[in-house]
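Report on the structure given below.
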Protein chains: 2
Amino acid sequence: MIQSVDRAVRILAVLGSGPPRLGVTEIADRVGLAKPTVHGLLRTLEHHDLVAQDPDTGKYSLGPGVVSLGNSFLGGSELRARSLRWTEVLASKAGEAVWVATLSGPRVIVLHHVFRPDDTVQILEVGATIPWHACALGHAIVAHLPAPEQARALASDLVRLTGRTRTTKAALRRALAQVRRQGLAVEDQEATVGDAGIAAPIFGRDSVAGAVGVVGAADRLLIPAAGQPDLDRPDAVRPDTAGPDVARPDLARAVQEAARAISRDLGAGRGSPLGPVLSALS
Amino acid sequence: MIQSVDRAVRILAVLGSGPPRLGVTEIADRVGLAKPTVHGLLRTLEHHDLVAQDPDTGKYSLGPGVVSLGNSFLGGSELRARSLRWTEVLASKAGEAVWVATLSGPRVIVLHHVFRPDDTVQILEVGATIPWHACALGHAIVAHLPAPEQARALASDLVRLTGRTRTTKAALRRALAQVRRQGLAVEDQEATVGDAGIAAPIFGRDSVAGAVGVVGAADRLLIPAAGQPDLDRPDAVRPDTAGPDVARPDLARAVQEAARAISRDLGAGRGSPLGPVLSALS
DNA sequence: AATGGTGTTCGACATTGCCGAAAGGTTCGC
DNA sequence: GCGAACCTTTCGGCAATGTCGAACACCATT
């Protein structure tokens with residue numbers, strides 16, 4: 001581990017997580033380094049436009065360079081590229097906004113966002129990060145992670161975002177087991193009040209690569225647990241195996257189909273170790 | 001300038017600009033360093049999720065961490081925050097897509113993108129970078145830069161993107177002079193065939209902070225130079241002072257109004273050195 | 001005018017990261 | 001199937017490199 005690079009990155013992280021503008025002294029405190037050390041690192045980062053210094057106050061913030069890099073990452077992401085055509089279909093079939101996400105540490109990052117087909121004003125969420133335990137995308141991914149990584153995810157900070165966020169290991173373990181059973185994750189207002197999510201895992205050649213799902217108003221995406229199952233669609237989620245939150249069967253099916261289509265494009269299946277898992281999901 | 005950090009950033013830049021996946025050897029060649037050196041830097045960056053290594057091929061690519069940083073930058077950008085409300089208005093008034101951009105080195109970065117109000121499928125361009133000399137946003141910014149920085153911009157690589165891109169210093173200097181006269185930049189298919197742009201500068205407390213403009217099909221945004229001026233709107237751009245590309249007067253006016261509104265929100269004016277410049281633009 | 005707080009510069013110490021060479025591992029071609 | 005060529009990764013010694021204490025210049029308050 002190269003020390004100065006490590007420190008530089010930690011400075012970037014501090015600038016990205018805290019208040020938008022910080023002074024040298026404040027940064028030095030937060031990363032635990034001497035002031036001149038931080039200054040030198042900042043100058044180097046500034047030279048590459050990764051940080052910018054406010055000419056008036058002398059304080060530092062992230063620079064435009066980081067957006068370019070972020071954009072390059074999105075452009076080079078195979079998961080994102082492969083999901084473009086299928087998410088379009090899913091959005092129009094479901095009539096809801098579609099997100100594609102991948103895991104980064106204890107959070108999921110939205111890689112792609114297809115707007116809900118109606119033309120209301122919507123803000124773009126690409127690049128946004130959400131704690132994995134508070135969204136369906138995160139559940140779908142973590143449920144299919146190898147055991148050690150899954151344990152690491154469960155050991156992370158399980159912050160409460162709304163009154164309904166599940167924050168205990170036990171509750172999350174139950175949720176993940178259910179996700180594995182159904183091949184589908186459902187979340188009801190655990191990240192944002194009023195919004196729900198339905199998601200399914202996407203597999204790469206030999207591991208889970210991300211997840212795709214729909215996001216929108218809970219009363220459009222879910223049906224009350226007490227409601228009758230839609231017996232015309234036997235392959236849809238059945239209320240008797242589901243928890244209190246039940247996904248609309250047509251949405252559940254559409255999400256799963258999209259996830260499988262993207263997985264196929266990514267090269268999962270054909271003799272890969274995940275073949276059996278994939279079959280179980282179909 | 002701290003060497004190892006500088007090298008690490010150059011590695012990130014290489015990963016962001018070249019092919020999406022590169023091996024250690026290839027990276028070492030491109031940055032001109034020894035293989036083990038690059039390896040150490042990559043391991044450090046990987047530890048922070050700024051690069052990711054493909055477990056199969058061993059090749060490296062940018063990691064999810066860079067998107068988080070990019071998103072933090074956008075969230076903390078005052079220019080972006082202040083422009084949100086006005087761009088919404090501009091988009092609906094103009095009926096076209098609206099971009100807000102800032103300068104980063106020789107390129108402009110799109111900080112905010114409001115979709116064209118009709119609901120056709122559009123891709124999101126936030127984070128995209130464009131050579132400054134090939135777009136109206138870039139002209140609007142560079143035209144109001146202090147002389148030394150302006151010279152530096154003119155000294156950069158003036159790449160030809162389409163058959164109409166102006167690539168000589170002389171032509172660009174003329175264009176910039178006209179932008180200063182009119183307080184408006186117009187670009188006709190210099191970045192993308194079929195697309196034009198109309199943009200105006202946004203000023204911060206004591207310098208140009210960015211630009212706002214509309215982007216769309218050239219035949220919707222521009223009127224033929226030979227056409228008659230719209231005499232009902234005396235404050236619009238007049239063909240006799242304009243070059244061959246003439247912006248639709250209503251769009252020109254709307255863009256300028258949005259730019260001035262955002263500048264006002266950013267704190268330009270009220271006794272700042274740019275007061276006179278601002279007045280001249282109104 | 002004095003004070004507390006910035007961001008910044010300087011210089012010496014020794015820690016740190018650099019690179020040559022060699023070692024696993026994998027994918028070709030034969 | 002075998003060998004060779006490529007890859008990524010590891011090791012160790014040299015010295016260049018980055019780190020930090022102290023002092024500087026500057027601004028906003030007191």
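Here's how to read the names in the structure tokens: chain A, B, ... by the order shown, residue numbers from 1 in each chain, ligand numbers from 1 in the order shown.
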Inset, instruction - Within 10 Å of chain A, which residues of chain C are there when counting only C-alpha atoms (C1' of nucleotides)? Please give them as an MDAnalysis selection string. - result: chainID C and resid 6:9 16:17
Inset, instruction - For DC30 (chain C), list every protein, DNA or RNA residue within 12 Å, evaluated using only C-alpha atoms (C1' of nucleotides), and leave out those in the same chain fewer than 2 positions away; present the list as a ChimeraX atom specification. - result: /C:28 /D:1-4
Restricting it to C-alpha atoms (C1' of nucleotides), dump the selection as a short mmCIF file (atom, residue, chain, number, x, y, z; two decimals), in the first residue's frame.
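The result, written out as out_18.cif:
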data_model
loop_
_atom_site.label_atom_id
_atom_site.label_comp_id
_atom_site.auth_asym_id
_atom_site.auth_seq_id
_atom_site.Cartn_x
_atom_site.Cartn_y
_atom_site.Cartn_z
"C1'" DC C 28 -1.13 -19.60 -26.80
"C1'" DG D 1 0.66 -32.74 -24.55
"C1'" DC D 2 4.59 -30.10 -24.40
"C1'" DG D 3 7.37 -25.76 -24.65
"C1'" DA D 4 7.66 -21.01 -25.07
#
Legend entry - Within 7 Å of Gly267 (chain B) using only C-alpha atoms (C1' of nucleotides), minus same-chain residues under 3 positions, as a PyMOL selection string: chain B and resi 204-205+263-264
Legend entry - Point-to-point distance from CA of Glu187 (chain B) to CA of Glu96 (chain B), Å rounded to tenths: 15.2 Å
Could you give me, as a Markdown table, a per-residue list for chain B showing, wherever an atom lies at most 7 Å from an atom of chain A, the closest pair of atoms and their distance in Å to one decimal, using only C-alpha atoms and sorting by chain then residue number from low to high?
| residue | atom | partner | partner_atom | distance |
| --- | --- | --- | --- | --- |
| B:Met1 | CA | A:Thr44 | CA | 5.0 |
| B:Ile2 | CA | A:Thr44 | CA | 6.0 |
| B:Ser4 | CA | A:Val5 | CA | 6.5 |
| B:Val5 | CA | A:Val5 | CA | 5.1 |
| B:Asp6 | CA | A:Thr44 | CA | 6.4 |
| B:Ala8 | CA | A:Val5 | CA | 7.0 |
| B:Gly16 | CA | A:Ser72 | CA | 5.1 |
| B:Pro20 | CA | A:Gly76 | CA | 4.9 |
| B:Gly40 | CA | A:Met1 | CA | 6.7 |
| B:Leu41 | CA | A:Ile2 | CA | 6.5 |
| B:Arg43 | CA | A:Met1 | CA | 6.7 |
| B:Thr44 | CA | A:Met1 | CA | 5.0 |
| B:Leu62 | CA | A:Phe73 | CA | 5.5 |
| B:Gly63 | CA | A:Phe73 | CA | 6.8 |
| B:Pro64 | CA | A:Ser104 | CA | 6.1 |
| B:Val66 | CA | A:Gly70 | CA | 4.9 |
| B:Val67 | CA | A:Gly70 | CA | 4.2 |
| B:Ser68 | CA | A:Gly127 | CA | 5.9 |
| B:Leu69 | CA | A:Gly16 | CA | 5.8 |
| B:Gly70 | CA | A:Val67 | CA | 4.1 |
| B:Asn71 | CA | A:Gly127 | CA | 5.5 |
| B:Ser72 | CA | A:Gly16 | CA | 5.1 |
| B:Phe73 | CA | A:Leu62 | CA | 5.5 |
| B:Gly76 | CA | A:Pro20 | CA | 5.0 |
| B:Ser104 | CA | A:Pro64 | CA | 6.1 |
| B:Asp119 | CA | A:Asp119 | CA | 5.8 |
| B:Gly127 | CA | A:Val67 | CA | 5.3 |
| B:Ala128 | CA | A:Asn71 | CA | 6.5 |
| B:Thr129 | CA | A:Ser68 | CA | 6.8 |
Superposed chain A (ref. Chain B, all C-alpha pairs in order) as a JSON list (two decimals) with C-alpha atoms, in the first residue's frame:
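Saved the output as out09.json:
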[["chain", "number", "residue", "atom", "x", "y", "z"],
["A", 1, "MET", "CA", 4.05, 17.94, -5.98],
["A", 2, "ILE", "CA", 3.91, 14.56, -4.32],
["A", 3, "GLN", "CA", 5.33, 12.05, -6.72],
["A", 4, "SER", "CA", 3.45, 8.90, -5.94],
["A", 5, "VAL", "CA", 0.11, 10.66, -5.83],
["A", 6, "ASP", "CA", 0.88, 12.34, -9.12],
["A", 7, "ARG", "CA", 1.66, 8.97, -10.63],
["A", 8, "ALA", "CA", -1.47, 7.41, -9.21],
["A", 9, "VAL", "CA", -3.61, 10.11, -10.73],
["A", 10, "ARG", "CA", -1.90, 9.71, -14.07],
["A", 11, "ILE", "CA", -2.75, 6.04, -13.93],
["A", 12, "LEU", "CA", -6.37, 6.91, -13.31],
["A", 13, "ALA", "CA", -6.29, 9.29, -16.26],
["A", 14, "VAL", "CA", -4.85, 6.59, -18.50],
["A", 15, "LEU", "CA", -7.53, 4.16, -17.40],
["A", 16, "GLY", "CA", -10.17, 6.78, -18.06],
["A", 17, "SER", "CA", -9.04, 7.85, -21.49],
["A", 18, "GLY", "CA", -7.76, 4.73, -23.17],
["A", 19, "PRO", "CA", -9.45, 1.39, -23.69],
["A", 20, "PRO", "CA", -11.66, 0.45, -20.75],
["A", 21, "ARG", "CA", -9.43, -2.40, -19.61],
["A", 22, "LEU", "CA", -5.65, -2.34, -19.43],
["A", 23, "GLY", "CA", -2.96, -4.66, -18.11],
["A", 24, "VAL", "CA", -0.18, -3.65, -15.75],
["A", 25, "THR", "CA", 2.41, -3.78, -18.50],
["A", 26, "GLU", "CA", 0.41, -1.58, -20.80],
["A", 27, "ILE", "CA", -0.23, 0.97, -18.07],
["A", 28, "ALA", "CA", 3.44, 0.98, -17.11],
["A", 29, "ASP", "CA", 4.34, 1.73, -20.71],
["A", 30, "ARG", "CA", 1.88, 4.56, -21.03],
["A", 31, "VAL", "CA", 2.90, 6.37, -17.87],
["A", 32, "GLY", "CA", 6.58, 5.52, -18.27],
["A", 33, "LEU", "CA", 7.13, 3.66, -15.01],
["A", 34, "ALA", "CA", 8.45, 0.30, -13.93],
["A", 35, "LYS", "CA", 5.94, -2.52, -13.71],
["A", 36, "PRO", "CA", 6.20, -3.12, -9.94],
["A", 37, "THR", "CA", 5.73, 0.57, -9.26],
["A", 38, "VAL", "CA", 2.51, 0.60, -11.20],
["A", 39, "HIS", "CA", 1.43, -2.57, -9.50],
["A", 40, "GLY", "CA", 1.81, -1.07, -6.05],
["A", 41, "LEU", "CA", -0.11, 2.03, -7.01],
["A", 42, "LEU", "CA", -2.87, -0.05, -8.56],
["A", 43, "ARG", "CA", -3.22, -2.16, -5.44],
["A", 44, "THR", "CA", -3.63, 0.94, -3.35],
["A", 45, "LEU", "CA", -6.21, 2.42, -5.68],
["A", 46, "GLU", "CA", -8.01, -0.89, -5.84],
["A", 47, "HIS", "CA", -8.24, -0.98, -2.08],
["A", 48, "HIS", "CA", -10.31, 2.19, -2.28],
["A", 49, "ASP", "CA", -12.47, 0.98, -5.17],
["A", 50, "LEU", "CA", -11.03, 3.59, -7.49],
["A", 51, "VAL", "CA", -9.83, 0.84, -9.77],
["A", 52, "ALA", "CA", -11.11, -2.69, -10.16],
["A", 53, "GLN", "CA", -9.34, -5.75, -11.41],
["A", 54, "ASP", "CA", -11.08, -8.21, -13.64],
["A", 55, "PRO", "CA", -10.69, -11.50, -11.77],
["A", 56, "ASP", "CA", -10.48, -13.47, -15.00],
["A", 57, "THR", "CA", -8.08, -11.53, -17.17],
["A", 58, "GLY", "CA", -6.19, -9.71, -14.43],
["A", 59, "LYS", "CA", -6.63, -6.46, -16.30],
["A", 60, "TYR", "CA", -7.53, -3.24, -14.56],
["A", 61, "SER", "CA", -10.24, -0.68, -15.11],
["A", 62, "LEU", "CA", -11.67, 2.26, -13.22],
["A", 63, "GLY", "CA", -13.69, 1.25, -10.17],
["A", 64, "PRO", "CA", -17.07, 2.25, -8.80],
["A", 65, "GLY", "CA", -15.50, 4.63, -6.32],
["A", 66, "VAL", "CA", -14.86, 7.25, -8.96],
["A", 67, "VAL", "CA", -18.57, 7.57, -9.69],
["A", 68, "SER", "CA", -19.32, 8.21, -6.04],
["A", 69, "LEU", "CA", -16.77, 10.96, -6.01],
["A", 70, "GLY", "CA", -18.15, 12.39, -9.20],
["A", 71, "ASN", "CA", -21.59, 12.42, -7.74],
["A", 72, "SER", "CA", -20.36, 14.12, -4.59],
["A", 73, "PHE", "CA", -18.78, 16.80, -6.72],
["A", 74, "LEU", "CA", -22.02, 17.43, -8.55],
["A", 75, "GLY", "CA", -23.95, 17.52, -5.31],
["A", 76, "GLY", "CA", -21.54, 20.03, -3.81],
["A", 77, "SER", "CA", -21.31, 22.24, -6.87],
["A", 78, "GLU", "CA", -22.75, 25.61, -6.09],
["A", 79, "LEU", "CA", -23.07, 26.43, -9.77],
["A", 80, "ARG", "CA", -25.17, 23.36, -10.32],
["A", 81, "ALA", "CA", -27.29, 23.96, -7.23],
["A", 82, "ARG", "CA", -28.05, 27.55, -8.16],
["A", 83, "SER", "CA", -28.86, 26.70, -11.73],
["A", 84, "LEU", "CA", -31.46, 24.05, -10.97],
["A", 85, "ARG", "CA", -34.47, 26.31, -10.70],
["A", 86, "TRP", "CA", -33.60, 28.53, -13.66],
["A", 87, "THR", "CA", -32.72, 25.80, -16.09],
["A", 88, "GLU", "CA", -36.08, 24.18, -15.47],
["A", 89, "VAL", "CA", -37.74, 27.40, -16.55],
["A", 90, "LEU", "CA", -35.45, 27.79, -19.52],
["A", 91, "ALA", "CA", -36.11, 24.27, -20.74],
["A", 92, "SER", "CA", -39.86, 24.69, -20.73],
["A", 93, "LYS", "CA", -39.70, 28.18, -22.23],
["A", 94, "ALA", "CA", -37.32, 27.10, -24.99],
["A", 95, "GLY", "CA", -38.70, 23.62, -25.50],
["A", 96, "GLU", "CA", -35.15, 22.35, -25.82],
["A", 97, "ALA", "CA", -32.61, 20.47, -23.73],
["A", 98, "VAL", "CA", -30.61, 22.69, -21.41],
["A", 99, "TRP", "CA", -27.01, 22.16, -20.33],
["A", 100, "VAL", "CA", -24.98, 23.82, -17.62],
["A", 101, "ALA", "CA", -21.23, 23.40, -17.93],
["A", 102, "THR", "CA", -17.96, 24.50, -16.42],
["A", 103, "LEU", "CA", -14.42, 24.52, -17.71],
["A", 104, "SER", "CA", -11.88, 21.91, -16.71],
["A", 105, "GLY", "CA", -8.60, 22.30, -18.52],
["A", 106, "PRO", "CA", -9.26, 22.41, -22.26],
["A", 107, "ARG", "CA", -12.68, 20.82, -22.02],
["A", 108, "VAL", "CA", -16.08, 21.74, -20.64],
["A", 109, "ILE", "CA", -17.88, 19.39, -18.30],
["A", 110, "VAL", "CA", -21.65, 19.11, -18.37],
["A", 111, "LEU", "CA", -22.79, 19.63, -14.78],
["A", 112, "HIS", "CA", -26.50, 19.59, -15.29],
["A", 113, "HIS", "CA", -28.83, 18.42, -18.02],
["A", 114, "VAL", "CA", -32.53, 19.19, -18.26],
["A", 115, "PHE", "CA", -34.23, 17.05, -20.82],
["A", 116, "ARG", "CA", -36.18, 18.49, -23.69],
["A", 117, "PRO", "CA", -39.81, 18.70, -22.52],
["A", 118, "ASP", "CA", -41.21, 16.39, -25.17],
["A", 119, "ASP", "CA", -40.88, 12.83, -23.92],
["A", 120, "THR", "CA", -38.71, 11.19, -26.52],
["A", 121, "VAL", "CA", -35.99, 8.89, -25.26],
["A", 122, "GLN", "CA", -32.90, 10.94, -24.49],
["A", 123, "ILE", "CA", -29.62, 9.93, -23.01],
["A", 124, "LEU", "CA", -28.11, 11.69, -20.13],
["A", 125, "GLU", "CA", -25.00, 13.73, -20.70],
["A", 126, "VAL", "CA", -24.06, 14.79, -17.18],
["A", 127, "GLY", "CA", -20.34, 14.32, -16.70],
["A", 128, "ALA", "CA", -19.63, 14.31, -20.39],
["A", 129, "THR", "CA", -16.71, 16.45, -21.51],
["A", 130, "ILE", "CA", -16.40, 18.34, -24.77],
["A", 131, "PRO", "CA", -13.43, 20.27, -26.17],
["A", 132, "TRP", "CA", -14.16, 23.90, -25.35],
["A", 133, "HIS", "CA", -13.62, 25.18, -28.86],
["A", 134, "ALA", "CA", -16.29, 22.96, -30.35],
["A", 135, "CYS", "CA", -19.31, 24.06, -28.37],
["A", 136, "ALA", "CA", -21.19, 27.21, -27.51],
["A", 137, "LEU", "CA", -20.81, 26.56, -23.78],
["A", 138, "GLY", "CA", -17.03, 26.57, -24.17],
["A", 139, "HIS", "CA", -16.97, 29.74, -26.24],
["A", 140, "ALA", "CA", -19.13, 31.54, -23.71],
["A", 141, "ILE", "CA", -16.77, 30.63, -20.88],
["A", 142, "VAL", "CA", -13.42, 31.15, -22.58],
["A", 143, "ALA", "CA", -14.47, 34.48, -24.06],
["A", 144, "HIS", "CA", -14.74, 35.91, -20.55],
["A", 145, "LEU", "CA", -11.64, 34.34, -19.07],
["A", 146, "PRO", "CA", -8.66, 36.46, -17.95],
["A", 147, "ALA", "CA", -6.17, 36.91, -20.77],
["A", 148, "PRO", "CA", -3.52, 34.40, -19.63],
["A", 149, "GLU", "CA", -6.01, 31.58, -19.17],
["A", 150, "GLN", "CA", -7.64, 32.44, -22.44],
["A", 151, "ALA", "CA", -4.28, 32.19, -24.15],
["A", 152, "ARG", "CA", -3.73, 28.81, -22.55],
["A", 153, "ALA", "CA", -7.09, 27.62, -23.83],
["A", 154, "LEU", "CA", -6.27, 28.81, -27.33],
["A", 155, "ALA", "CA", -2.95, 27.00, -27.16],
["A", 156, "SER", "CA", -4.57, 23.64, -26.46],
["A", 157, "ASP", "CA", -5.22, 20.96, -29.05],
["A", 158, "LEU", "CA", -7.92, 22.26, -31.34],
["A", 159, "VAL", "CA", -9.29, 18.98, -32.59],
["A", 160, "ARG", "CA", -11.64, 18.79, -35.55],
["A", 161, "LEU", "CA", -14.84, 16.97, -34.52],
["A", 162, "THR", "CA", -16.98, 17.64, -37.57],
["A", 163, "GLY", "CA", -16.45, 19.26, -40.93],
["A", 164, "ARG", "CA", -17.61, 22.56, -39.48],
["A", 165, "THR", "CA", -15.41, 22.73, -36.37],
["A", 166, "ARG", "CA", -13.35, 25.91, -36.28],
["A", 167, "THR", "CA", -9.79, 24.82, -35.48],
["A", 168, "THR", "CA", -7.59, 27.86, -36.11],
["A", 169, "LYS", "CA", -6.62, 30.34, -33.43],
["A", 170, "ALA", "CA", -7.62, 33.23, -35.67],
["A", 171, "ALA", "CA", -11.13, 31.93, -36.31],
["A", 172, "LEU", "CA", -11.64, 31.20, -32.63],
["A", 173, "ARG", "CA", -10.38, 34.61, -31.61],
["A", 174, "ARG", "CA", -12.92, 36.19, -33.95],
["A", 175, "ALA", "CA", -15.63, 33.96, -32.52],
["A", 176, "LEU", "CA", -14.69, 34.92, -28.95],
["A", 177, "ALA", "CA", -14.69, 38.61, -29.79],
["A", 178, "GLN", "CA", -18.17, 38.23, -31.18],
["A", 179, "VAL", "CA", -19.26, 36.38, -28.07],
["A", 180, "ARG", "CA", -18.04, 39.28, -25.95],
["A", 181, "ARG", "CA", -19.89, 41.76, -28.15],
["A", 182, "GLN", "CA", -23.16, 39.89, -28.03],
["A", 183, "GLY", "CA", -22.90, 38.22, -24.66],
["A", 184, "LEU", "CA", -23.96, 35.09, -26.48],
["A", 185, "ALA", "CA", -22.24, 32.15, -28.12],
["A", 186, "VAL", "CA", -23.67, 30.26, -31.07],
["A", 187, "GLU", "CA", -22.37, 27.03, -32.47],
["A", 188, "ASP", "CA", -23.62, 25.26, -35.55],
["A", 189, "GLN", "CA", -22.76, 21.57, -35.81],
["A", 190, "GLU", "CA", -19.17, 22.00, -34.68],
["A", 191, "ALA", "CA", -19.31, 19.19, -32.13],
["A", 192, "THR", "CA", -22.00, 16.91, -33.52],
["A", 193, "VAL", "CA", -23.46, 16.85, -36.99],
["A", 194, "GLY", "CA", -27.03, 18.10, -36.87],
["A", 195, "ASP", "CA", -26.81, 19.67, -33.42],
["A", 196, "ALA", "CA", -26.37, 23.31, -32.57],
["A", 197, "GLY", "CA", -25.96, 25.22, -29.34],
["A", 198, "ILE", "CA", -26.73, 28.64, -27.93],
["A", 199, "ALA", "CA", -25.03, 29.62, -24.68],
["A", 200, "ALA", "CA", -24.32, 32.54, -22.36],
["A", 201, "PRO", "CA", -21.73, 32.95, -19.61],
["A", 202, "ILE", "CA", -22.46, 32.62, -15.91],
["A", 203, "PHE", "CA", -20.43, 34.78, -13.54],
["A", 204, "GLY", "CA", -19.45, 34.06, -9.97],
["A", 205, "ARG", "CA", -18.25, 36.66, -7.53],
["A", 206, "ASP", "CA", -15.21, 37.72, -9.51],
["A", 207, "SER", "CA", -14.83, 35.53, -12.56],
["A", 208, "VAL", "CA", -16.70, 33.47, -15.08],
["A", 209, "ALA", "CA", -17.94, 30.30, -13.36],
["A", 210, "GLY", "CA", -19.50, 28.44, -16.24],
["A", 211, "ALA", "CA", -22.13, 28.72, -18.91],
["A", 212, "VAL", "CA", -25.72, 27.75, -19.60],
["A", 213, "GLY", "CA", -27.26, 27.02, -22.94],
["A", 214, "VAL", "CA", -29.68, 25.09, -25.05],
["A", 215, "VAL", "CA", -28.64, 22.20, -27.26],
["A", 216, "GLY", "CA", -30.63, 20.62, -30.03],
["A", 217, "ALA", "CA", -31.24, 20.15, -33.73],
["A", 218, "ALA", "CA", -29.69, 22.97, -35.73],
["A", 219, "ASP", "CA", -32.79, 23.57, -37.79],
["A", 220, "ARG", "CA", -34.83, 24.21, -34.66],
["A", 221, "LEU", "CA", -32.31, 26.46, -32.89],
["A", 222, "LEU", "CA", -30.96, 28.57, -35.75],
["A", 223, "ILE", "CA", -32.39, 30.60, -38.58],
["A", 224, "PRO", "CA", -30.68, 30.97, -41.95],
["A", 225, "ALA", "CA", -28.32, 33.93, -42.07],
["A", 226, "ALA", "CA", -30.13, 35.25, -45.12],
["A", 227, "GLY", "CA", -33.43, 35.36, -43.27],
["A", 228, "GLN", "CA", -35.03, 38.56, -42.11],
["A", 229, "PRO", "CA", -34.40, 39.75, -38.55],
["A", 230, "ASP", "CA", -37.27, 39.70, -36.15],
["A", 231, "LEU", "CA", -37.84, 43.43, -35.81],
["A", 232, "ASP", "CA", -40.40, 42.99, -33.08],
["A", 233, "ARG", "CA", -37.59, 42.04, -30.70],
["A", 234, "PRO", "CA", -35.02, 44.77, -30.89],
["A", 235, "ASP", "CA", -32.92, 43.31, -28.08],
["A", 236, "ALA", "CA", -32.45, 40.01, -29.84],
["A", 237, "VAL", "CA", -29.38, 39.12, -31.80],
["A", 238, "ARG", "CA", -29.33, 41.14, -34.98],
["A", 239, "PRO", "CA", -28.25, 39.37, -38.13],
["A", 240, "ASP", "CA", -26.07, 42.26, -39.26],
["A", 241, "THR", "CA", -23.79, 41.85, -36.27],
["A", 242, "ALA", "CA", -23.97, 38.08, -36.23],
["A", 243, "GLY", "CA", -21.87, 35.64, -38.22],
["A", 244, "PRO", "CA", -23.32, 33.12, -40.60],
["A", 245, "ASP", "CA", -25.12, 31.30, -37.75],
["A", 246, "VAL", "CA", -27.97, 33.24, -36.24],
["A", 247, "ALA", "CA", -29.72, 32.12, -33.10],
["A", 248, "ARG", "CA", -33.49, 32.20, -32.91],
["A", 249, "PRO", "CA", -34.09, 35.53, -31.14],
["A", 250, "ASP", "CA", -36.48, 34.14, -28.53],
["A", 251, "LEU", "CA", -34.03, 31.40, -27.59],
["A", 252, "ALA", "CA", -31.14, 33.85, -27.43],
["A", 253, "ARG", "CA", -33.09, 36.06, -25.10],
["A", 254, "ALA", "CA", -34.21, 33.21, -22.86],
["A", 255, "VAL", "CA", -30.68, 31.84, -22.56],
["A", 256, "GLN", "CA", -29.29, 35.24, -21.63],
["A", 257, "GLU", "CA", -31.98, 35.77, -19.03],
["A", 258, "ALA", "CA", -31.26, 32.42, -17.45],
["A", 259, "ALA", "CA", -27.54, 33.12, -17.39],
["A", 260, "ARG", "CA", -28.06, 36.46, -15.71],
["A", 261, "ALA", "CA", -30.46, 35.00, -13.17],
["A", 262, "ILE", "CA", -27.99, 32.29, -12.19],
["A", 263, "SER", "CA", -25.14, 34.81, -12.03],
["A", 264, "ARG", "CA", -27.21, 36.95, -9.70],
["A", 265, "ASP", "CA", -27.84, 33.94, -7.46],
["A", 266, "LEU", "CA", -24.15, 33.17, -7.41],
["A", 267, "GLY", "CA", -23.38, 36.59, -6.05],
["A", 268, "ALA", "CA", -22.01, 38.36, -9.10],
["A", 269, "GLY", "CA", -22.88, 42.03, -9.50],
["A", 270, "ARG", "CA", -23.31, 44.01, -6.27],
["A", 271, "GLY", "CA", -20.01, 45.84, -6.40],
["A", 272, "SER", "CA", -18.00, 42.95, -7.75],
["A", 273, "PRO", "CA", -15.39, 43.66, -10.43],
["A", 274, "LEU", "CA", -17.74, 42.12, -12.96],
["A", 275, "GLY", "CA", -20.52, 44.61, -12.46],
["A", 276, "PRO", "CA", -19.68, 46.54, -15.63],
["A", 277, "VAL", "CA", -19.37, 43.37, -17.68],
["A", 278, "LEU", "CA", -22.72, 42.19, -16.46],
["A", 279, "SER", "CA", -24.39, 45.47, -17.26],
["A", 280, "ALA", "CA", -22.96, 45.39, -20.75],
["A", 281, "LEU", "CA", -24.59, 42.01, -21.26],
["A", 282, "SER", "CA", -28.05, 43.09, -20.30]]
Wanna dump the chain D-chain B contacts at 10 Å for me, each residue with its shortest atom pair and the distance in Å to one decimal, counting only C-alpha atoms (C1' of nucleotides), ordered by chain and number, as a tab-separated table?
residue	atom	partner	partner_atom	distance
D:DC7	C1'	B:Thr25	CA	8.3
D:DT8	C1'	B:Gly58	CA	7.3
D:DT9	C1'	B:Pro36	CA	8.3
D:DT10	C1'	B:Pro36	CA	9.3
D:DT17	C1'	B:Gln3	CA	8.1
D:DG18	C1'	B:Ile2	CA	7.3
